[in-house]
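Chemist: Sharing structure.cif, mmCIF, C-alpha atoms:
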```
data_query
#
loop_
_atom_site.label_atom_id
_atom_site.label_comp_id
_atom_site.auth_asym_id
_atom_site.auth_seq_id
_atom_site.Cartn_x
_atom_site.Cartn_y
_atom_site.Cartn_z
CA MET A 271 -50.35 -6.72 -13.04
CA LYS A 272 -47.53 -8.80 -11.63
CA ALA A 273 -47.42 -12.56 -11.46
CA ARG A 274 -45.07 -15.23 -10.29
CA VAL A 275 -44.53 -18.48 -12.17
CA THR A 276 -42.73 -21.32 -10.47
CA VAL A 277 -41.41 -24.26 -12.46
CA TYR A 278 -40.09 -27.37 -10.75
CA PRO A 279 -39.31 -30.98 -11.67
CA ARG A 280 -42.34 -33.24 -11.84
CA ARG A 281 -42.97 -35.10 -8.59
CA ASP A 282 -42.79 -38.50 -10.28
CA ILE A 283 -39.33 -37.73 -11.61
CA LEU A 284 -36.11 -37.97 -9.64
CA ASP A 285 -34.61 -34.53 -9.10
CA PRO A 286 -30.87 -35.14 -8.74
CA GLN A 287 -30.18 -31.46 -8.07
CA GLY A 288 -32.75 -31.27 -5.27
CA LYS A 289 -31.37 -34.47 -3.79
CA ALA A 290 -27.82 -33.07 -3.80
CA ILE A 291 -29.05 -29.88 -2.10
CA ARG A 292 -30.89 -31.94 0.53
CA ASP A 293 -27.70 -33.89 1.21
CA ALA A 294 -25.74 -30.62 1.48
CA LEU A 295 -28.32 -29.25 3.93
CA GLY A 296 -27.55 -32.30 6.05
CA ARG A 297 -23.93 -31.20 6.14
CA VAL A 298 -24.81 -27.74 7.50
CA GLY A 299 -26.91 -29.07 10.34
CA PHE A 300 -30.30 -29.86 8.76
CA ALA A 301 -30.11 -33.62 8.58
CA GLY A 302 -33.88 -33.99 9.08
CA VAL A 303 -34.89 -32.40 5.76
CA GLU A 304 -36.98 -34.97 3.91
CA GLU A 305 -37.04 -33.54 0.42
CA VAL A 306 -35.83 -30.60 -1.66
CA ARG A 307 -37.00 -29.90 -5.18
CA ALA A 308 -34.98 -27.33 -7.10
CA GLY A 309 -36.83 -25.23 -9.64
CA LYS A 310 -37.03 -21.81 -11.21
CA SER A 311 -39.10 -18.77 -10.45
CA PHE A 312 -40.19 -16.05 -12.88
CA GLU A 313 -41.58 -12.65 -11.96
CA ILE A 314 -43.66 -11.44 -14.84
CA ARG A 315 -45.11 -7.97 -15.20
CA LEU A 316 -48.01 -8.02 -17.63
CA GLY A 317 -49.05 -4.86 -19.43
CA HIS A 318 -52.67 -5.02 -18.20
CA GLU A 319 -54.86 -5.59 -15.13
CA ASP A 320 -57.32 -8.18 -16.51
CA ARG A 321 -57.10 -11.09 -14.13
CA GLU A 322 -58.91 -13.66 -16.25
CA ARG A 323 -56.81 -12.81 -19.27
CA ALA A 324 -53.67 -12.95 -17.13
CA GLU A 325 -54.46 -16.48 -15.93
CA ARG A 326 -55.07 -17.62 -19.48
CA GLU A 327 -51.92 -15.98 -20.83
CA LEU A 328 -49.66 -17.21 -18.05
CA GLY A 329 -50.84 -20.79 -18.47
CA GLU A 330 -50.13 -20.55 -22.16
CA MET A 331 -46.68 -19.06 -21.49
CA CYS A 332 -45.89 -22.02 -19.25
CA ARG A 333 -47.02 -24.62 -21.74
CA LYS A 334 -45.35 -22.97 -24.73
CA LEU A 335 -42.06 -21.89 -23.21
CA LEU A 336 -41.49 -21.49 -19.48
CA ALA A 337 -41.95 -25.16 -18.55
CA ASN A 338 -41.19 -28.36 -20.39
CA THR A 339 -44.21 -30.35 -19.30
CA VAL A 340 -42.55 -33.67 -20.11
CA VAL A 341 -40.37 -33.25 -17.04
CA GLU A 342 -41.62 -30.12 -15.24
CA ASP A 343 -44.71 -28.83 -13.43
CA TYR A 344 -45.60 -25.19 -13.03
CA THR A 345 -47.54 -22.98 -10.65
CA VAL A 346 -48.97 -19.56 -11.49
CA GLU A 347 -49.59 -17.06 -8.70
CA ILE A 348 -51.31 -13.75 -9.25
CA PRO A 349 -51.39 -11.73 -6.03
CA ALA A 350 -54.75 -10.00 -5.61
CA PRO A 351 -54.61 -6.26 -5.05
CA ALA A 352 -53.53 -5.84 -1.42
CA ASP A 353 -56.46 -5.42 0.95
CA PRO A 354 -55.57 -2.36 3.01
CA ALA A 355 -57.74 -3.60 5.92
CA SER A 356 -56.04 -6.96 6.47
CA GLY A 357 -52.81 -6.37 4.60
CA ASN A 358 -53.13 -9.92 3.28
CA PRO A 359 -52.45 -10.38 -0.43
CA ALA A 360 -54.72 -13.11 -1.74
CA VAL A 361 -53.11 -15.60 -4.06
CA SER A 362 -54.50 -17.32 -7.10
CA ASP A 363 -52.89 -20.67 -7.56
CA ARG A 364 -53.01 -22.59 -10.81
CA SER A 365 -50.91 -25.69 -10.84
CA THR A 366 -50.19 -28.62 -13.10
CA ALA A 367 -49.07 -30.76 -10.20
CA ASP A 368 -52.31 -32.72 -10.05
CA ARG A 369 -52.42 -33.48 -13.76
CA PRO A 370 -51.35 -36.79 -15.26
CA HIS A 371 -48.02 -36.94 -17.03
CA GLY A 372 -48.27 -34.35 -19.79
CA GLY A 373 -46.71 -34.08 -23.22
CA ARG A 374 -45.49 -31.07 -25.12
CA PRO A 375 -48.31 -28.94 -26.55
CA MET B 178 -26.22 -33.55 -52.13
CA LYS B 179 -26.14 -30.21 -50.36
CA SER B 180 -25.78 -30.10 -46.60
CA GLY B 181 -26.41 -27.21 -44.23
CA VAL B 182 -25.01 -26.70 -40.74
CA VAL B 183 -27.10 -24.41 -38.55
CA VAL B 184 -25.25 -21.76 -36.55
CA PHE B 185 -27.02 -20.50 -33.45
CA PRO B 186 -25.40 -17.91 -31.22
CA GLY B 187 -23.48 -20.23 -28.91
CA SER B 188 -23.05 -23.17 -31.29
CA ASN B 189 -19.50 -24.46 -30.99
CA CYS B 190 -19.35 -27.69 -32.99
CA ASP B 191 -20.62 -26.11 -36.21
CA HIS B 192 -17.18 -25.88 -37.83
CA ASP B 193 -16.32 -29.45 -36.86
CA VAL B 194 -19.43 -30.78 -38.61
CA TYR B 195 -18.81 -28.49 -41.60
CA HIS B 196 -15.23 -29.76 -41.83
CA VAL B 197 -16.25 -33.42 -41.89
CA LEU B 198 -19.06 -32.92 -44.41
CA LYS B 199 -17.06 -30.69 -46.71
CA HIS B 200 -13.45 -31.74 -46.41
CA VAL B 201 -13.62 -35.35 -45.27
CA LEU B 202 -16.73 -36.38 -47.22
CA GLY B 203 -16.32 -33.87 -50.05
CA GLN B 204 -19.94 -32.71 -49.92
CA GLU B 205 -21.27 -29.31 -50.90
CA THR B 206 -21.85 -27.75 -47.50
CA THR B 207 -23.08 -24.39 -46.28
CA PHE B 208 -23.77 -22.69 -42.97
CA LEU B 209 -27.34 -21.70 -42.11
CA TRP B 210 -27.76 -18.73 -39.74
CA HIS B 211 -30.35 -18.95 -36.95
CA ARG B 212 -32.21 -16.02 -38.51
CA ASP B 213 -32.45 -17.64 -41.94
CA GLU B 214 -36.02 -18.36 -42.94
CA THR B 215 -35.24 -21.22 -45.32
CA VAL B 216 -32.80 -24.11 -45.34
CA LYS B 217 -31.43 -22.79 -48.66
CA GLY B 218 -32.19 -25.93 -50.62
CA CYS B 219 -30.15 -28.21 -48.34
CA GLU B 220 -31.18 -31.86 -48.32
CA LEU B 221 -29.43 -32.59 -45.02
CA VAL B 222 -29.65 -30.11 -42.13
CA VAL B 223 -27.38 -30.60 -39.12
CA LEU B 224 -28.02 -28.92 -35.76
CA PRO B 225 -24.59 -28.94 -34.13
CA GLY B 226 -23.45 -29.10 -30.53
CA GLY B 227 -22.78 -26.12 -28.31
CA PHE B 228 -24.79 -23.88 -26.04
CA ALA B 229 -27.35 -22.23 -28.31
CA TYR B 230 -28.59 -19.00 -26.74
CA GLY B 231 -26.40 -19.78 -23.75
CA ASP B 232 -28.72 -22.65 -22.73
CA TYR B 233 -30.92 -19.93 -21.18
CA LEU B 234 -34.16 -21.24 -19.64
CA ARG B 235 -33.45 -24.86 -20.72
CA ALA B 236 -30.95 -26.28 -23.16
CA GLY B 237 -32.44 -25.83 -26.64
CA ALA B 238 -35.61 -24.04 -25.48
CA LEU B 239 -34.90 -20.65 -27.06
CA ALA B 240 -33.14 -22.04 -30.12
CA ALA B 241 -36.26 -24.10 -30.84
CA LEU B 242 -38.15 -20.83 -31.41
CA SER B 243 -35.62 -19.24 -33.78
CA PRO B 244 -36.65 -18.48 -37.40
CA VAL B 245 -34.45 -21.19 -38.90
CA MET B 246 -36.23 -23.84 -36.83
CA ALA B 247 -39.54 -23.02 -38.51
CA ALA B 248 -37.76 -23.78 -41.79
CA VAL B 249 -36.21 -26.95 -40.33
CA LYS B 250 -39.69 -28.12 -39.25
CA ARG B 251 -41.01 -27.63 -42.78
CA HIS B 252 -37.95 -29.44 -44.16
CA ALA B 253 -38.54 -32.38 -41.78
CA ALA B 254 -42.26 -32.50 -42.53
CA ALA B 255 -41.39 -32.77 -46.23
CA GLY B 256 -39.16 -35.77 -45.50
CA GLY B 257 -35.84 -33.91 -45.49
CA LEU B 258 -33.00 -35.27 -43.37
CA VAL B 259 -32.29 -33.58 -40.02
CA LEU B 260 -29.49 -34.61 -37.67
CA GLY B 261 -29.19 -33.06 -34.21
CA ILE B 262 -25.98 -33.69 -32.29
CA CYS B 263 -25.73 -33.03 -28.54
CA ASN B 264 -27.18 -29.51 -28.12
CA GLY B 265 -28.77 -30.06 -31.55
CA PHE B 266 -30.60 -33.09 -30.08
CA GLN B 267 -31.80 -30.90 -27.19
CA VAL B 268 -33.08 -28.35 -29.73
CA LEU B 269 -34.98 -31.09 -31.62
CA LEU B 270 -36.66 -32.20 -28.36
CA GLU B 271 -37.63 -28.65 -27.40
CA ALA B 272 -38.90 -28.02 -30.94
CA GLY B 273 -41.14 -31.08 -30.68
CA LEU B 274 -39.48 -32.77 -33.66
CA LEU B 275 -38.55 -35.66 -31.38
CA PRO B 276 -40.38 -36.86 -28.23
CA GLY B 277 -39.12 -36.67 -24.66
CA ALA B 278 -36.91 -34.26 -22.74
CA MET B 279 -33.43 -33.95 -21.28
CA ARG B 280 -32.65 -33.57 -17.64
CA ARG B 281 -29.39 -32.87 -15.89
CA ASN B 282 -27.01 -35.83 -15.84
CA ALA B 283 -27.70 -38.14 -12.92
CA SER B 284 -24.15 -37.43 -11.67
CA LEU B 285 -24.91 -33.67 -11.79
CA ARG B 286 -21.58 -33.32 -13.59
CA PHE B 287 -20.62 -32.26 -17.06
CA CYS B 288 -19.51 -35.53 -18.57
CA CYS B 289 -16.75 -35.50 -21.19
CA ARG B 290 -15.39 -38.87 -22.22
CA ASP B 291 -15.65 -41.67 -24.75
CA VAL B 292 -18.65 -43.96 -24.50
CA TRP B 293 -19.70 -47.17 -26.25
CA LEU B 294 -22.82 -47.14 -28.34
CA ARG B 295 -24.86 -50.05 -29.61
CA VAL B 296 -26.46 -49.50 -33.00
CA GLU B 297 -30.13 -50.55 -32.78
CA ARG B 298 -31.15 -50.00 -36.41
CA ASP B 299 -29.33 -50.01 -39.71
CA ASP B 300 -32.27 -49.27 -42.00
CA LEU B 301 -32.22 -45.48 -41.65
CA PRO B 302 -30.46 -43.14 -44.08
CA PHE B 303 -28.17 -42.20 -41.20
CA THR B 304 -27.29 -45.76 -40.23
CA ARG B 305 -27.24 -47.63 -43.52
CA GLN B 306 -23.45 -47.89 -43.39
CA LEU B 307 -23.63 -49.38 -39.90
CA HIS B 308 -25.11 -52.69 -38.81
CA ALA B 309 -27.54 -53.44 -36.00
CA GLY B 310 -25.69 -54.70 -32.94
CA GLN B 311 -22.47 -52.98 -33.97
CA VAL B 312 -20.65 -51.24 -31.11
CA LEU B 313 -19.13 -47.82 -31.77
CA ARG B 314 -16.88 -45.67 -29.63
CA MET B 315 -17.77 -41.96 -29.60
CA PRO B 316 -17.10 -39.01 -27.33
CA ILE B 317 -19.80 -37.29 -25.32
CA ALA B 318 -19.54 -33.83 -23.73
CA HIS B 319 -22.67 -32.61 -21.99
CA ALA B 320 -24.31 -31.80 -18.66
CA GLU B 321 -27.89 -32.46 -19.73
CA GLY B 322 -28.17 -35.71 -21.61
CA ASN B 323 -30.32 -37.65 -19.20
CA TYR B 324 -33.14 -38.67 -21.55
CA GLU B 325 -36.56 -38.91 -19.94
CA ASP B 326 -40.17 -39.52 -20.83
CA SER B 327 -43.14 -41.25 -19.24
CA SER B 328 -42.89 -45.03 -19.21
CA ALA B 329 -45.85 -45.24 -21.61
CA ALA B 330 -44.09 -42.88 -24.02
CA LEU B 331 -40.85 -44.87 -23.69
CA ASP B 332 -42.74 -48.09 -24.44
CA ALA B 333 -44.25 -46.46 -27.52
CA LEU B 334 -40.81 -45.25 -28.60
CA GLU B 335 -39.41 -48.78 -28.32
CA ALA B 336 -42.41 -50.35 -30.05
CA ALA B 337 -42.01 -47.96 -32.99
CA ARG B 338 -38.28 -48.83 -33.15
CA GLN B 339 -37.30 -45.21 -32.65
CA VAL B 340 -34.34 -45.96 -30.39
CA VAL B 341 -31.34 -45.80 -32.72
CA PHE B 342 -28.39 -45.80 -30.29
CA ARG B 343 -28.01 -47.03 -26.73
CA TYR B 344 -25.17 -46.48 -24.30
CA ALA B 345 -23.50 -49.84 -23.91
CA ALA B 346 -20.60 -51.76 -22.45
CA PRO B 347 -17.76 -52.56 -24.90
CA ASP B 348 -19.30 -56.01 -25.46
CA GLY B 349 -22.57 -54.46 -26.65
CA THR B 350 -24.66 -55.27 -23.60
CA CYS B 351 -26.59 -52.44 -21.94
CA PRO B 352 -26.36 -52.96 -18.18
CA GLY B 353 -27.43 -49.35 -17.55
CA THR B 354 -24.74 -48.83 -14.91
CA ALA B 355 -23.09 -45.43 -14.39
CA GLU B 356 -20.05 -46.76 -16.23
CA SER B 357 -21.93 -47.74 -19.39
CA ASN B 358 -24.80 -45.20 -19.20
CA PRO B 359 -22.93 -41.99 -18.39
CA ASN B 360 -25.86 -39.64 -17.77
CA GLY B 361 -28.57 -41.91 -16.37
CA SER B 362 -30.73 -41.88 -19.50
CA ALA B 363 -33.94 -43.90 -19.41
CA ARG B 364 -33.32 -47.30 -21.00
CA SER B 365 -29.76 -46.24 -21.85
CA ILE B 366 -31.07 -44.14 -24.74
CA ALA B 367 -28.34 -42.20 -26.55
CA GLY B 368 -30.09 -41.42 -29.82
CA ILE B 369 -33.63 -41.57 -31.22
CA CYS B 370 -35.37 -40.87 -34.50
CA ASN B 371 -38.88 -39.74 -35.40
CA ALA B 372 -41.48 -42.23 -36.63
CA ALA B 373 -40.62 -41.57 -40.28
CA GLY B 374 -36.89 -42.03 -39.64
CA ASN B 375 -35.73 -38.80 -41.30
CA VAL B 376 -34.98 -36.91 -38.07
CA LEU B 377 -32.25 -38.24 -35.77
CA GLY B 378 -31.06 -36.81 -32.47
CA MET B 379 -28.07 -38.13 -30.53
CA MET B 380 -25.93 -36.95 -27.63
CA PRO B 381 -22.56 -38.42 -28.74
CA HIS B 382 -20.43 -36.51 -31.23
CA PRO B 383 -19.76 -38.41 -34.49
CA GLU B 384 -18.03 -35.35 -35.98
CA ARG B 385 -15.34 -35.58 -33.30
CA CYS B 386 -14.36 -39.08 -34.35
CA ALA B 387 -14.54 -39.09 -38.14
CA GLU B 388 -10.88 -39.14 -39.14
CA GLU B 389 -8.07 -41.60 -38.51
CA ILE B 390 -5.77 -38.72 -37.58
CA LEU B 391 -8.01 -38.11 -34.55
CA GLY B 392 -7.46 -41.68 -33.44
CA ASN B 393 -11.02 -42.79 -34.09
CA SER B 394 -13.21 -42.78 -37.17
CA ASP B 395 -16.24 -44.59 -35.72
CA GLY B 396 -18.39 -41.51 -36.40
CA LEU B 397 -17.68 -41.29 -40.10
CA GLY B 398 -20.09 -43.99 -41.24
CA LEU B 399 -23.04 -42.17 -39.71
CA LEU B 400 -22.17 -38.82 -41.28
CA ALA B 401 -21.40 -40.49 -44.61
CA GLY B 402 -24.82 -42.16 -44.46
CA ALA B 403 -26.52 -38.87 -43.61
CA ALA B 404 -24.72 -37.14 -46.48
CA GLN B 405 -25.69 -40.05 -48.76
CA VAL B 406 -22.09 -40.84 -49.58
CA ALA B 407 -22.15 -44.27 -51.16
CA SER B 408 -19.53 -45.85 -48.93
CA ARG B 409 -17.04 -45.03 -46.24
CA ALA B 410 -14.29 -46.22 -48.56
CA GLU B 411 -15.41 -43.62 -51.06
CA ALA B 412 -15.39 -41.02 -48.32
CA LEU B 413 -11.87 -41.86 -47.25
CA ARG B 414 -10.38 -41.80 -50.76
#
```
What do you get writing this file as structure tokens?
Modeler:
Amino acid sequence: MKARVTVYPRRDILDPQGKAIRDALGRVGFAGVEEVRAGKSFEIRLGHEDRERAERELGEMCRKLLANTVVEDYTVEIPAPADPASGNPAVSDRSTADRPHGGRP
Amino acid sequence: MKSGVVVFPGSNCDHDVYHVLKHVLGQETTFLWHRDETVKGCELVVLPGGFAYGDYLRAGALAALSPVMAAVKRHAAAGGLVLGICNGFQVLLEAGLLPGAMRRNASLRFCCRDVWLRVERDDLPFTRQLHAGQVLRMPIAHAEGNYEDSSAALDALEAARQVVFRYAAPDGTCPGTAESNPNGSARSIAGICNAAGNVLGMMPHPERCAEEILGNSDGLGLLAGAAQVASRAEALR
């Protein structure tokens, strides 16, 4: 089972890197961009196909190592097995973005 | 008193700290390897500056999980002295020995220059040779020293008197401007301790300014205090 974890600066925290990238986008013709937040993405291949276990493990990985929840939020996406009829991979989305300011575990 | 300097792969200020403790302060000093599972009986453990584990993931994040850090946590819990300098401070934050986190400098640049620091407390082992309100000049050299926490956590930190050093102007005021606060740290915080006062983390480098021959010895008092050397005069003899 493959998953994608995205870690980005908390919304209530100024992201100087994202701001610099937004300003640079303005210099290559995209002056209208309102906001850029620069983060990191991890592709993780788990050694099993148990979805529930995967969600639990990935959340724990984020809290223990992949994200520093003092200054970062994370999102976990586990693509569902592709549906051959529609070709649409469903996405499970677990995010910390709606949580109050967290501390380290 | 025996002191230990931790060496992570990527540490680069380890020999500087070792030199000051051993040759300037005359203390028994040893290196501790990141794979060591004890602190080898050291009473003071220093986490030096550098780029432990290449700063992979986040500065200090992987070093915080190394075997020696489990031993450092036990040492700290037992009241032992721990001093983290620059990358060592980042490791202490990631290890949860100190609260808060570091972000990239507000300028987005690696910042390498002398700064002024105001001493906020002189009742810690580390600062007993300094006095509150004293202004020190020390070099900084980092890209991620922009201290951050929630405003509630910062209030709690202040209330518990855990802010030990603040970036200041030469006159000791803390206007928080880019000139005086080089990385944009919340409340101009340059160094903090834990509630018990036996763990100190700071971004400036006292080991780089601990000898007259280097043109500045403002950092010696702190290291002498940490190493429990009775006085700076004794250290300089």
Chemist: Please enumerate the residues selected by the PyMOL selection byres ((chain B) within 8 of (chain A)) when evaluated against the supplied file, formatted as number ranges by chain.
Modeler: B: 234, 238, 271, 273, 277-278, 280-281, 283-285, 325-327
Chemist: Go ahead and dump the residues you just picked, C-alpha atoms, as a compact mmCIF listing (two decimals), in the frame of the given file.
Modeler:
```txt
# COMPACT_ATOMS: atom_id res chain seq x y z
CA LEU B 234 -34.16 -21.24 -19.64
CA ALA B 238 -35.61 -24.04 -25.48
CA GLU B 271 -37.63 -28.65 -27.40
CA GLY B 273 -41.14 -31.08 -30.68
CA GLY B 277 -39.12 -36.67 -24.66
CA ALA B 278 -36.91 -34.26 -22.74
CA ARG B 280 -32.65 -33.57 -17.64
CA ARG B 281 -29.39 -32.87 -15.89
CA ALA B 283 -27.70 -38.14 -12.92
CA SER B 284 -24.15 -37.43 -11.67
CA LEU B 285 -24.91 -33.67 -11.79
CA GLU B 325 -36.56 -38.91 -19.94
CA ASP B 326 -40.17 -39.52 -20.83
CA SER B 327 -43.14 -41.25 -19.24
```
Chemist: Written as JSON, numbers by chain, what is the full residue list that the PyMOL selection byres ((chain B and resi 385-389) around 10) yields on the file shown?
Modeler: {"B": [190, 193, 194, 197, 198, 201, 202, 314, 315, 316, 317, 381, 382, 383, 384, 390, 391, 392, 393, 394, 395, 396, 397, 398, 399, 400, 401, 413]}
Chemist: For range 356-370 of chain B, find every residue with an atom within 6 Å (counting only C-alpha atoms), except residues of its own chain fewer than 5 positions away, and show them as a list in words.
Modeler: Asn282, Ala283, Gly322, Asn323, Tyr324, Glu325, Gln339, Val340, Val341, Phe342, Arg343, Tyr344, Ala345, Ala346, Val376, Leu377, Gly378, Met379 and Met380 of chain B
Chemist: Taking into account only C-alpha atoms, which residue in the set B:Val312, B:Ala404, B:Leu270, B:Leu221 is nearest to Leu294 in chain B?
Modeler: B:Val312
Chemist: With all atoms listed in the file as the basis for distance, which of A:Asp293, A:Glu305, A:Glu330, A:Glu325 is at the shortest distance from Glu347 in chain A?
Modeler: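 So, comparing all the options, the nearest one is A:Glu325.
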Chemist: Could you work out how far CA of His211 in chain B lies from CA of Pro244 in chain B, giving the answer in Å with one decimal?
Modeler: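 Distance reported for this atom pair: 6.3 Å.
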Chemist: Which value, in Å to one decimal, gives the distance between CA of Thr276 in chain A and CA of Cys332 in chain A?
Modeler: 9.4 Å
Chemist: Let me make sure I understand: among A:Arg274, A:Arg297, A:Arg326, A:Arg333, which one has the smallest atom-to-atom distance to Glu313 in chain A if we use all atoms listed in the file?
Modeler: A:Arg274
Chemist: Check the smallest atom-to-atom distance from each of A:Lys289, A:Val277, A:Asp320, A:Ala294 to Arg235 in chain B using all atoms listed in the file, then report the winner.
Modeler: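 The answer is A:Val277, which sits nearest to Arg235 in chain B.
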Chemist: So how many Å separate CA of Gly349 in chain B and CA of Ile262 in chain B, to one decimal?
Modeler: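 Between these atoms lies a distance of 21.8 Å.
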Chemist: What do you get, as a ChimeraX atom specification, if you spell out every residue that the PyMOL selection byres ((chain B and resi 267) around 8) selects here?
Modeler: /B:236-237,261,263-266,268-271,278-279,378
Chemist: Write to file, as a PDB file, in the frame of the given file, the residues of the selection just made, with C-alpha atoms.
Modeler:
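Here's the written file selection-v7.pdb:
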```pdb
ATOM      1  CA  ALA B 236     -30.950 -26.280 -23.160  1.00  0.00           C
ATOM      2  CA  GLY B 237     -32.440 -25.830 -26.640  1.00  0.00           C
ATOM      3  CA  GLY B 261     -29.190 -33.060 -34.210  1.00  0.00           C
ATOM      4  CA  CYS B 263     -25.730 -33.030 -28.540  1.00  0.00           C
ATOM      5  CA  ASN B 264     -27.180 -29.510 -28.120  1.00  0.00           C
ATOM      6  CA  GLY B 265     -28.770 -30.060 -31.550  1.00  0.00           C
ATOM      7  CA  PHE B 266     -30.600 -33.090 -30.080  1.00  0.00           C
ATOM      8  CA  VAL B 268     -33.080 -28.350 -29.730  1.00  0.00           C
ATOM      9  CA  LEU B 269     -34.980 -31.090 -31.620  1.00  0.00           C
ATOM     10  CA  LEU B 270     -36.660 -32.200 -28.360  1.00  0.00           C
ATOM     11  CA  GLU B 271     -37.630 -28.650 -27.400  1.00  0.00           C
ATOM     12  CA  ALA B 278     -36.910 -34.260 -22.740  1.00  0.00           C
ATOM     13  CA  MET B 279     -33.430 -33.950 -21.280  1.00  0.00           C
ATOM     14  CA  GLY B 378     -31.060 -36.810 -32.470  1.00  0.00           C
TER      15      GLY B 378
END
```
Chemist: Using all atoms listed in the file for the distances, tell me which of B:Ala272, B:Val292, B:Val182, B:Ala318 is nearest to Leu239 in chain B.
Modeler: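 Result for the nearest residue to Leu239 in chain B: B:Ala272.
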Chemist: Counting all atoms listed in the file, which residue out of A:Val346, A:Ala301, A:Leu295, A:Pro351 sits closest to Ile314 in chain A?
Modeler: A:Val346
Chemist: Would you kindly return, as number ranges by chain, each protein, DNA or RNA residue with an atom no farther than 12 Å from any atom of range 315-319 of chain A, considering all atoms listed in the file and excluding same-chain residues fewer than 5 positions away?
Modeler: A: 271-275, 324-325, 327-328, 331, 348-351
Chemist: Do a neighbour search on Leu307 in chain B at 9 Å with only C-alpha atoms, toss out local chain neighbours closer than 4 positions, and write the hits as a list in words.
Modeler: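 Contacts, with the query itself left out: Val296, Arg298, Asp299, Asp300, Phe303, Gln311, Gly398, Leu399 and Gly402 of chain B.
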Chemist: Can you sort out the box for range 217-230 of chain B, edges along x, y and z, all listed atoms in, 4 Å on every side, with centre and edge lengths in Å to one decimal, as AutoDock Vina command-line options?
Modeler:
```
--center_x -27.5 --center_y -25.8 --center_z -38.3 --size_x 17.4 --size_y 21.6 --size_z 32.6
```
